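**Q** This one is data34.cif, mmCIF, C-alpha atoms and all ligand atoms.
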```
data_run
#
loop_
_atom_site.label_atom_id
_atom_site.label_comp_id
_atom_site.auth_asym_id
_atom_site.auth_seq_id
_atom_site.Cartn_x
_atom_site.Cartn_y
_atom_site.Cartn_z
CA MET A 1 7.86 68.74 -32.65
CA LEU A 2 4.81 69.96 -34.60
CA GLU A 3 3.29 68.19 -37.53
CA VAL A 4 0.19 68.59 -39.64
CA GLN A 5 -0.78 65.31 -41.23
CA GLY A 6 -3.19 64.99 -44.12
CA VAL A 7 -5.12 68.09 -43.18
CA SER A 8 -8.04 69.17 -45.35
CA LYS A 9 -10.40 72.11 -45.03
CA ARG A 10 -13.19 73.20 -47.37
CA TYR A 11 -15.34 76.29 -47.33
CA GLY A 12 -18.41 75.20 -49.26
CA GLU A 13 -17.11 74.36 -52.74
CA THR A 14 -13.71 75.94 -52.13
CA VAL A 15 -10.88 73.67 -51.09
CA ALA A 16 -8.62 75.76 -48.83
CA LEU A 17 -6.35 72.89 -47.72
CA ALA A 18 -6.15 69.54 -49.50
CA ASN A 19 -4.47 66.71 -47.65
CA ALA A 20 -1.65 68.98 -46.48
CA SER A 21 1.22 67.49 -44.50
CA ILE A 22 4.20 69.39 -43.06
CA ALA A 23 6.61 68.35 -40.30
CA PHE A 24 8.05 71.34 -38.44
CA ARG A 25 11.22 71.29 -36.34
CA ALA A 26 11.88 73.11 -33.10
CA GLY A 27 14.52 75.83 -33.36
CA THR A 28 13.84 76.68 -37.00
CA ILE A 29 12.35 79.55 -38.97
CA HIS A 30 9.96 77.74 -41.28
CA THR A 31 8.55 79.87 -44.09
CA ILE A 32 5.21 79.16 -45.72
CA LEU A 33 5.13 80.43 -49.28
CA GLY A 34 2.14 80.59 -51.56
CA GLU A 35 0.11 82.86 -53.78
CA ASN A 36 -3.07 84.56 -52.57
CA GLY A 37 -5.66 81.90 -51.93
CA SER A 38 -3.16 79.04 -51.68
CA GLY A 39 -4.24 78.20 -48.12
CA LYS A 40 -1.65 80.00 -45.97
CA SER A 41 -4.17 81.85 -43.81
CA THR A 42 -6.23 78.71 -43.39
CA LEU A 43 -3.13 76.87 -42.13
CA VAL A 44 -2.41 79.75 -39.74
CA LYS A 45 -6.01 79.70 -38.47
CA LEU A 46 -5.83 75.94 -38.03
CA LEU A 47 -2.70 76.26 -35.90
CA SER A 48 -4.29 79.02 -33.85
CA GLY A 49 -7.42 77.09 -32.96
CA ILE A 50 -9.69 79.34 -35.02
CA VAL A 51 -10.72 76.80 -37.62
CA GLN A 52 -10.97 73.05 -37.25
CA PRO A 53 -9.88 70.73 -40.08
CA ASP A 54 -12.49 68.60 -41.83
CA SER A 55 -9.99 65.76 -41.68
CA GLY A 56 -6.38 65.17 -40.74
CA THR A 57 -4.41 65.52 -37.55
CA ILE A 58 -2.20 68.00 -35.75
CA LEU A 59 0.59 66.25 -33.86
CA LEU A 60 2.38 68.02 -31.03
CA ASP A 61 5.42 66.27 -29.58
CA GLY A 62 4.35 63.15 -31.43
CA ALA A 63 0.83 62.96 -29.98
CA PRO A 64 -2.43 64.09 -31.59
CA PHE A 65 -3.35 67.51 -30.28
CA ALA A 66 -6.96 67.36 -29.29
CA GLY A 67 -7.43 70.93 -28.09
CA PHE A 68 -9.78 73.27 -29.87
CA GLY A 69 -10.13 77.01 -29.65
CA PRO A 70 -7.52 79.77 -29.32
CA ALA A 71 -7.19 79.33 -25.55
CA ALA A 72 -6.25 75.64 -25.89
CA PHE A 73 -3.62 76.44 -28.51
CA GLN A 74 -2.22 79.30 -26.42
CA ALA A 75 -2.03 77.05 -23.38
CA ALA A 76 -0.04 74.54 -25.46
CA GLY A 77 2.52 77.24 -26.33
CA PHE A 78 1.26 78.56 -29.66
CA ALA A 79 1.19 82.33 -30.23
CA THR A 80 0.00 83.93 -33.46
CA VAL A 81 0.40 87.43 -34.78
CA PHE A 82 -2.16 87.95 -37.52
CA GLN A 83 -1.93 90.07 -40.62
CA GLU A 84 -4.77 92.26 -39.36
CA VAL A 85 -3.60 94.32 -36.39
CA LEU A 86 -5.69 93.11 -33.46
CA ILE A 87 -5.23 95.88 -30.93
CA ALA A 88 -7.44 96.98 -28.03
CA PRO A 89 -7.56 100.67 -29.07
CA ASP A 90 -8.86 102.05 -25.76
CA ARG A 91 -6.25 100.32 -23.62
CA SER A 92 -2.70 101.47 -22.98
CA VAL A 93 0.32 99.95 -24.67
CA THR A 94 1.24 98.19 -21.40
CA ASP A 95 -2.26 96.72 -21.07
CA ASN A 96 -2.21 95.55 -24.67
CA ILE A 97 1.10 93.75 -24.20
CA LEU A 98 0.12 92.12 -20.92
CA LEU A 99 -3.14 90.91 -22.44
CA GLY A 100 -0.86 88.13 -23.66
CA LEU A 101 -0.38 86.91 -20.12
CA ASP A 102 -2.76 85.20 -17.80
CA GLY A 103 -5.66 87.49 -16.81
CA LEU A 104 -5.20 86.96 -13.10
CA LEU A 105 -1.53 87.77 -13.26
CA THR A 106 -2.10 90.98 -15.14
CA ARG A 107 -4.61 92.17 -12.54
CA THR A 108 -2.46 91.30 -9.55
CA VAL A 109 0.92 92.53 -10.78
CA PRO A 110 1.60 96.08 -9.51
CA ARG A 111 1.51 98.90 -12.06
CA ALA A 112 5.26 99.65 -11.97
CA GLU A 113 6.10 96.01 -12.56
CA ARG A 114 3.57 95.78 -15.38
CA ARG A 115 5.30 98.68 -17.13
CA GLN A 116 8.68 97.07 -16.55
CA ARG A 117 7.57 93.81 -18.10
CA ALA A 118 6.09 95.57 -21.10
CA GLN A 119 9.25 97.64 -21.52
CA ALA A 120 11.48 94.57 -21.26
CA VAL A 121 9.68 92.70 -24.00
CA LEU A 122 9.61 95.72 -26.33
CA LYS A 123 13.35 96.18 -25.82
CA ARG A 124 13.87 92.73 -27.34
CA PHE A 125 12.95 93.93 -30.81
CA ALA A 126 11.46 97.42 -31.15
CA VAL A 127 13.85 100.16 -32.24
CA THR A 128 11.07 102.76 -32.23
CA GLU A 129 10.43 104.29 -28.77
CA ILE A 130 6.91 103.28 -27.79
CA PRO A 131 5.10 105.31 -25.08
CA LEU A 132 3.84 102.70 -22.62
CA ASP A 133 0.96 104.75 -21.20
CA GLN A 134 -0.47 105.94 -24.49
CA LEU A 135 -3.73 104.50 -25.75
CA ALA A 136 -2.75 101.94 -28.35
CA GLY A 137 -5.42 103.12 -30.80
CA GLN A 138 -3.67 106.49 -31.08
CA LEU A 139 -0.42 104.98 -32.38
CA PRO A 140 0.53 104.59 -36.05
CA LEU A 141 -0.40 101.20 -37.50
CA ALA A 142 3.22 100.02 -37.70
CA VAL A 143 3.73 100.72 -33.99
CA GLN A 144 0.47 98.95 -33.17
CA GLN A 145 1.83 95.89 -34.98
CA LEU A 146 4.94 95.98 -32.76
CA VAL A 147 2.68 96.09 -29.69
CA VAL A 148 0.75 93.05 -30.91
CA LEU A 149 4.04 91.27 -31.58
CA ALA A 150 5.14 92.07 -28.02
CA ARG A 151 1.89 90.55 -26.74
CA ALA A 152 2.82 87.27 -28.44
CA VAL A 153 6.48 87.30 -27.38
CA VAL A 154 5.72 88.07 -23.72
CA ARG A 155 4.18 84.61 -23.45
CA ASN A 156 7.51 82.95 -24.35
CA PRO A 157 5.80 80.77 -26.95
CA ARG A 158 7.19 77.45 -28.18
CA ILE A 159 5.61 78.10 -31.54
CA LEU A 160 5.38 81.65 -32.84
CA ILE A 161 3.32 82.18 -35.98
CA LEU A 162 3.93 85.43 -37.86
CA ASP A 163 1.44 86.07 -40.65
CA GLU A 164 2.70 88.90 -42.88
CA VAL A 165 3.56 90.96 -39.82
CA THR A 166 6.57 92.80 -41.19
CA ALA A 167 4.83 94.41 -44.17
CA ALA A 168 3.90 97.61 -42.31
CA LEU A 169 7.15 98.06 -40.38
CA ASP A 170 9.89 100.52 -41.21
CA PHE A 171 13.35 99.23 -42.08
CA ALA A 172 14.95 99.45 -38.62
CA ASP A 173 12.07 97.78 -36.81
CA ARG A 174 11.82 95.09 -39.46
CA GLU A 175 15.52 94.26 -39.12
CA ALA A 176 15.13 94.18 -35.33
CA VAL A 177 12.17 91.81 -35.62
CA PHE A 178 14.24 89.54 -37.88
CA ALA A 179 17.07 89.52 -35.32
CA MET A 180 14.59 88.57 -32.61
CA MET A 181 13.20 85.77 -34.77
CA ARG A 182 16.69 84.36 -35.23
CA LYS A 183 17.38 84.60 -31.50
CA LEU A 184 14.10 82.91 -30.53
CA ALA A 185 14.78 80.12 -33.03
CA SER A 186 18.29 79.65 -31.61
CA GLU A 187 16.64 79.20 -28.21
CA GLY A 188 14.46 76.39 -29.55
CA CYS A 189 11.32 78.25 -30.62
CA LEU A 190 9.65 77.17 -33.85
CA ILE A 191 8.80 80.20 -35.95
CA LEU A 192 6.26 79.89 -38.74
CA PHE A 193 6.87 82.79 -41.03
CA ILE A 194 4.40 83.84 -43.69
CA THR A 195 5.62 86.47 -46.12
CA HIS A 196 5.33 87.48 -49.75
CA ARG A 197 8.80 88.99 -49.89
CA MET A 198 11.29 86.67 -51.54
CA ASP A 199 14.29 88.58 -50.14
CA GLU A 200 13.02 87.89 -46.62
CA VAL A 201 12.40 84.25 -47.47
CA MET A 202 15.92 83.73 -48.78
CA ALA A 203 17.54 85.63 -45.91
CA LEU A 204 15.68 84.16 -42.97
CA SER A 205 14.28 80.71 -43.64
CA ASP A 206 15.84 77.52 -42.33
CA ARG A 207 13.13 75.53 -44.09
CA ILE A 208 10.49 76.40 -46.65
CA SER A 209 7.13 74.89 -47.56
CA VAL A 210 5.33 75.92 -50.71
CA LEU A 211 1.53 75.77 -50.85
CA ARG A 212 -0.39 75.73 -54.10
CA GLY A 213 -4.15 75.31 -54.32
CA GLY A 214 -4.25 74.04 -50.74
CA SER A 215 -1.63 71.33 -51.34
CA VAL A 216 1.94 71.25 -50.12
CA VAL A 217 4.15 71.25 -53.20
CA THR A 218 7.42 70.93 -51.34
CA THR A 219 9.02 71.21 -47.91
CA GLU A 220 12.76 71.72 -48.13
CA GLU A 221 15.86 73.09 -46.47
CA ARG A 222 17.08 76.59 -47.28
CA GLY A 223 19.37 76.55 -50.29
CA THR A 224 17.68 73.60 -51.99
CA SER A 225 15.92 75.87 -54.51
CA THR A 226 16.68 79.29 -55.91
CA ALA A 227 14.18 82.14 -55.58
CA SER A 228 13.00 81.62 -59.16
CA GLU A 229 12.56 77.89 -58.59
CA LEU A 230 10.43 78.67 -55.55
CA LEU A 231 8.35 81.13 -57.58
CA LYS A 232 7.87 78.40 -60.17
CA ALA A 233 6.69 75.99 -57.49
CA MET A 234 4.24 78.61 -56.17
CA ALA A 235 2.82 79.67 -59.52
CA PRO A 236 4.10 77.72 -62.54
CA ARG A 237 2.02 79.65 -65.06
CA THR A 238 2.98 83.11 -63.82
CA ALA A 239 6.63 82.08 -63.68
CA ALA A 240 6.47 80.84 -67.29
CA GLU A 241 4.78 84.06 -68.46
CA LEU A 242 7.48 86.13 -66.75
CA ALA A 243 10.21 84.02 -68.30
CA HIS A 244 8.77 84.45 -71.80
CA GLY A 245 7.99 88.16 -71.38
N1 LIG B 1 -14.24 81.95 -44.55
C1 LIG B 1 -14.12 81.58 -45.82
N2 LIG B 1 -15.22 81.32 -46.56
C2 LIG B 1 -15.12 80.93 -47.86
N3 LIG B 1 -13.94 80.75 -48.50
C3 LIG B 1 -12.83 80.99 -47.81
C4 LIG B 1 -12.84 81.42 -46.45
N4 LIG B 1 -11.56 81.56 -46.04
C5 LIG B 1 -10.79 81.26 -47.10
N5 LIG B 1 -11.53 80.90 -48.15
C6 LIG B 1 -11.03 80.46 -49.47
O1 LIG B 1 -10.10 79.41 -49.26
C7 LIG B 1 -8.99 79.52 -50.14
C8 LIG B 1 -7.70 79.62 -49.32
O2 LIG B 1 -7.70 80.86 -48.63
P1 LIG B 1 -6.56 81.36 -47.64
O3 LIG B 1 -7.06 82.65 -47.05
O4 LIG B 1 -6.18 80.28 -46.71
O5 LIG B 1 -5.37 81.64 -48.65
P2 LIG B 1 -4.07 82.53 -48.45
O6 LIG B 1 -2.98 81.80 -49.14
O7 LIG B 1 -3.89 82.84 -47.03
O8 LIG B 1 -4.41 83.86 -49.23
P3 LIG B 1 -4.05 85.38 -48.81
O9 LIG B 1 -2.60 85.52 -49.10
O10 LIG B 1 -4.93 86.16 -49.75
O11 LIG B 1 -4.41 85.55 -47.37
C9 LIG B 1 -9.24 80.75 -50.99
O12 LIG B 1 -9.82 80.32 -52.19
C10 LIG B 1 -10.25 81.54 -50.18
O13 LIG B 1 -11.06 82.33 -51.02
#
```
Hey, can you dump this file as structure tokens for me?
Ligand SMILES: Nc1ncnc2c1ncn2[C@@H]1O[C@H](COP(=O)(O)OP(=O)(O)OP(=O)(O)O)[C@@H](O)[C@H]1O

**A**
Amino acid sequence: MLEVQGVSKRYGETVALANASIAFRAGTIHTILGENGSGKSTLVKLLSGIVQPDSGTILLDGAPFAGFGPAAFQAAGFATVFQEVLIAPDRSVTDNILLGLDGLLTRTVPRAERRQRAQAVLKRFAVTEIPLDQLAGQLPLAVQQLVVLARAVVRNPRILILDEVTAALDFADREAVFAMMRKLASEGCLILFITHRMDEVMALSDRISVLRGGSVVTTEERGTSTASELLKAMAPRTAAELAHG
């Protein structure tokens, strides 16, 4: 469904991605694992239309995807929730969620229906009650992250990219987000999941790719490697130091 083929990206002297290739499958939760600086964020930015590769190709449904810029990627069904909470602080929760939809639609849909749509999408995963009319900037950071997640989900994306989004959430909301991820995947959505937490990786992933120094070390099915084998693939030296105390 989605494939990156031989993708490279440098920032000056720094190689962020080096000839990286991963084939993703629809209807899976595909985790990207890697230490800080291994290229995860660069891959996320590439698949969000924010950075362009120096070389290599993105294939969507078997054809090279020529679009550039966030709007082109969104139109093709990609939705990304970034690690940094990108909220419009002076707009209501409802407005923030419906920012995910077409601008014209959000202006023409009556207020009551706008609230209903925002409520419906939040119900899919937020346990915390979120006041729809409150200015989003006044909410705690974890709640803001749920609002941003709702903005992505309201678009019914084919490809949902979640970059460290669960870190700030409390336990109940995190579990609810995981349940939603599983449900979306069962409906055919591809979910790219970026996390540092090995328990989440082992519990949720259908497939796992490990990045190291911008290269893809492995792409494998869940259960192929143990958590410590994955850690070793991510950071062989750290894993060896841990093993030898
Ligand atoms: N805009 C930039 N300018 C210069 N170097 C950059 C830029 N963005 C990323 N890099 C470098 O590229 C490499 C890969 O970074 P990237 O952010 O993709 O890694 P990451 O695995 O997402 O790390 P983190 O977990 O810290 O977000 C790093 O060495 C980083 O310092």

**Q** Could you tell me, counting all atoms listed in the file, which protein and nucleic acid residues lie no more than 6 Å from ligand LIG 1 (chain B), written as a list in words?

**A**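 I would give the residues around ligand LIG 1 (chain B) as Tyr11, Thr14, Ala16, Gly34, Glu35, Asn36, Gly37, Ser38, Gly39, Lys40, Ser41 and Thr42 of chain A.
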
**Q** Rank nothing, just name the residue among A:Arg151, A:Arg124, A:Arg237, A:Arg207 nearest to A:Met180, using all atoms listed in the file.

**A**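 Answer, going by the shortest atom-to-atom distance: A:Arg124.
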
**Q** Which residue, A:Ala126, A:Val153, A:Ala233, A:Val147, has the smallest gap to A:Arg91 when you use only C-alpha atoms?

**A**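 The closest residue to A:Arg91 is A:Val147.
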
**Q** Provide the atom CA of A:Gln145 to atom CA of A:Thr80 distance in Å, to one decimal place.

**A**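 Straight-line distance from atom CA of A:Gln145 to atom CA of A:Thr80 works out to 12.2 Å.
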
**Q** List every protein, DNA or RNA residue that has an atom no more than 12 Å from (-0.8, 77.3, -36.3) in the file's coordinate frame, counting only C-alpha atoms, and report them as a ChimeraX atom specification.

**A** /A:2-4,22,24,30,32,40-53,58-60,65,68-70,72-74,76-82,157-163,190-194

**Q** Please rebuild stretch 126-150 of chain A with N, CA and C atoms and return the result as a PDB file, in the coordinates of the input.

**A**
```
ATOM      1  N   ALA A 126      11.935  96.173 -30.556  1.00  0.00           N
ATOM      2  CA  ALA A 126      11.460  97.420 -31.150  1.00  0.00           C
ATOM      3  C   ALA A 126      12.548  98.490 -31.078  1.00  0.00           C
ATOM      4  N   VAL A 127      12.885  99.060 -32.200  1.00  0.00           N
ATOM      5  CA  VAL A 127      13.850 100.160 -32.240  1.00  0.00           C
ATOM      6  C   VAL A 127      13.104 101.458 -31.914  1.00  0.00           C
ATOM      7  N   THR A 128      11.914 101.603 -32.477  1.00  0.00           N
ATOM      8  CA  THR A 128      11.070 102.760 -32.230  1.00  0.00           C
ATOM      9  C   THR A 128      10.738 102.859 -30.733  1.00  0.00           C
ATOM     10  N   GLU A 129      10.845 104.072 -30.170  1.00  0.00           N
ATOM     11  CA  GLU A 129      10.430 104.290 -28.770  1.00  0.00           C
ATOM     12  C   GLU A 129       8.900 104.212 -28.731  1.00  0.00           C
ATOM     13  N   ILE A 130       8.368 103.402 -27.853  1.00  0.00           N
ATOM     14  CA  ILE A 130       6.910 103.280 -27.790  1.00  0.00           C
ATOM     15  C   ILE A 130       6.426 103.730 -26.415  1.00  0.00           C
ATOM     16  N   PRO A 131       5.580 104.785 -26.369  1.00  0.00           N
ATOM     17  CA  PRO A 131       5.100 105.310 -25.080  1.00  0.00           C
ATOM     18  C   PRO A 131       4.153 104.327 -24.408  1.00  0.00           C
ATOM     19  N   LEU A 132       4.566 103.807 -23.254  1.00  0.00           N
ATOM     20  CA  LEU A 132       3.840 102.700 -22.620  1.00  0.00           C
ATOM     21  C   LEU A 132       2.438 103.075 -22.143  1.00  0.00           C
ATOM     22  N   ASP A 133       2.258 104.359 -21.781  1.00  0.00           N
ATOM     23  CA  ASP A 133       0.960 104.750 -21.200  1.00  0.00           C
ATOM     24  C   ASP A 133      -0.027 105.259 -22.233  1.00  0.00           C
ATOM     25  N   GLN A 134       0.430 105.408 -23.458  1.00  0.00           N
ATOM     26  CA  GLN A 134      -0.470 105.940 -24.490  1.00  0.00           C
ATOM     27  C   GLN A 134      -1.526 104.905 -24.888  1.00  0.00           C
ATOM     28  N   LEU A 135      -2.707 105.414 -25.253  1.00  0.00           N
ATOM     29  CA  LEU A 135      -3.730 104.500 -25.750  1.00  0.00           C
ATOM     30  C   LEU A 135      -3.259 103.922 -27.078  1.00  0.00           C
ATOM     31  N   ALA A 136      -3.332 102.609 -27.186  1.00  0.00           N
ATOM     32  CA  ALA A 136      -2.750 101.940 -28.350  1.00  0.00           C
ATOM     33  C   ALA A 136      -3.404 102.385 -29.658  1.00  0.00           C
ATOM     34  N   GLY A 137      -4.700 102.719 -29.603  1.00  0.00           N
ATOM     35  CA  GLY A 137      -5.420 103.120 -30.800  1.00  0.00           C
ATOM     36  C   GLY A 137      -4.917 104.426 -31.392  1.00  0.00           C
ATOM     37  N   GLN A 138      -4.167 105.202 -30.590  1.00  0.00           N
ATOM     38  CA  GLN A 138      -3.670 106.490 -31.080  1.00  0.00           C
ATOM     39  C   GLN A 138      -2.324 106.359 -31.794  1.00  0.00           C
ATOM     40  N   LEU A 139      -1.760 105.163 -31.787  1.00  0.00           N
ATOM     41  CA  LEU A 139      -0.420 104.980 -32.380  1.00  0.00           C
ATOM     42  C   LEU A 139      -0.531 104.681 -33.875  1.00  0.00           C
ATOM     43  N   PRO A 140       0.523 104.993 -34.633  1.00  0.00           N
ATOM     44  CA  PRO A 140       0.530 104.590 -36.050  1.00  0.00           C
ATOM     45  C   PRO A 140       0.409 103.067 -36.177  1.00  0.00           C
ATOM     46  N   LEU A 141      -0.123 102.631 -37.301  1.00  0.00           N
ATOM     47  CA  LEU A 141      -0.400 101.200 -37.500  1.00  0.00           C
ATOM     48  C   LEU A 141       0.860 100.330 -37.309  1.00  0.00           C
ATOM     49  N   ALA A 142       1.995 100.813 -37.807  1.00  0.00           N
ATOM     50  CA  ALA A 142       3.220 100.020 -37.700  1.00  0.00           C
ATOM     51  C   ALA A 142       3.606  99.810 -36.239  1.00  0.00           C
ATOM     52  N   VAL A 143       3.399 100.834 -35.421  1.00  0.00           N
ATOM     53  CA  VAL A 143       3.730 100.720 -33.990  1.00  0.00           C
ATOM     54  C   VAL A 143       2.732  99.782 -33.306  1.00  0.00           C
ATOM     55  N   GLN A 144       1.475  99.873 -33.719  1.00  0.00           N
ATOM     56  CA  GLN A 144       0.470  98.950 -33.170  1.00  0.00           C
ATOM     57  C   GLN A 144       0.877  97.500 -33.450  1.00  0.00           C
ATOM     58  N   GLN A 145       1.426  97.259 -34.638  1.00  0.00           N
ATOM     59  CA  GLN A 145       1.830  95.890 -34.980  1.00  0.00           C
ATOM     60  C   GLN A 145       2.956  95.418 -34.057  1.00  0.00           C
ATOM     61  N   LEU A 146       3.867  96.344 -33.694  1.00  0.00           N
ATOM     62  CA  LEU A 146       4.940  95.980 -32.760  1.00  0.00           C
ATOM     63  C   LEU A 146       4.363  95.627 -31.392  1.00  0.00           C
ATOM     64  N   VAL A 147       3.323  96.354 -30.988  1.00  0.00           N
ATOM     65  CA  VAL A 147       2.680  96.090 -29.690  1.00  0.00           C
ATOM     66  C   VAL A 147       2.041  94.693 -29.702  1.00  0.00           C
ATOM     67  N   VAL A 148       1.391  94.368 -30.809  1.00  0.00           N
ATOM     68  CA  VAL A 148       0.750  93.050 -30.910  1.00  0.00           C
ATOM     69  C   VAL A 148       1.815  91.941 -30.921  1.00  0.00           C
ATOM     70  N   LEU A 149       2.925  92.231 -31.567  1.00  0.00           N
ATOM     71  CA  LEU A 149       4.040  91.270 -31.580  1.00  0.00           C
ATOM     72  C   LEU A 149       4.573  91.068 -30.150  1.00  0.00           C
ATOM     73  N   ALA A 150       4.682  92.162 -29.411  1.00  0.00           N
ATOM     74  CA  ALA A 150       5.140  92.070 -28.020  1.00  0.00           C
ATOM     75  C   ALA A 150       4.184  91.228 -27.181  1.00  0.00           C
TER      76      ALA A 150
END
```
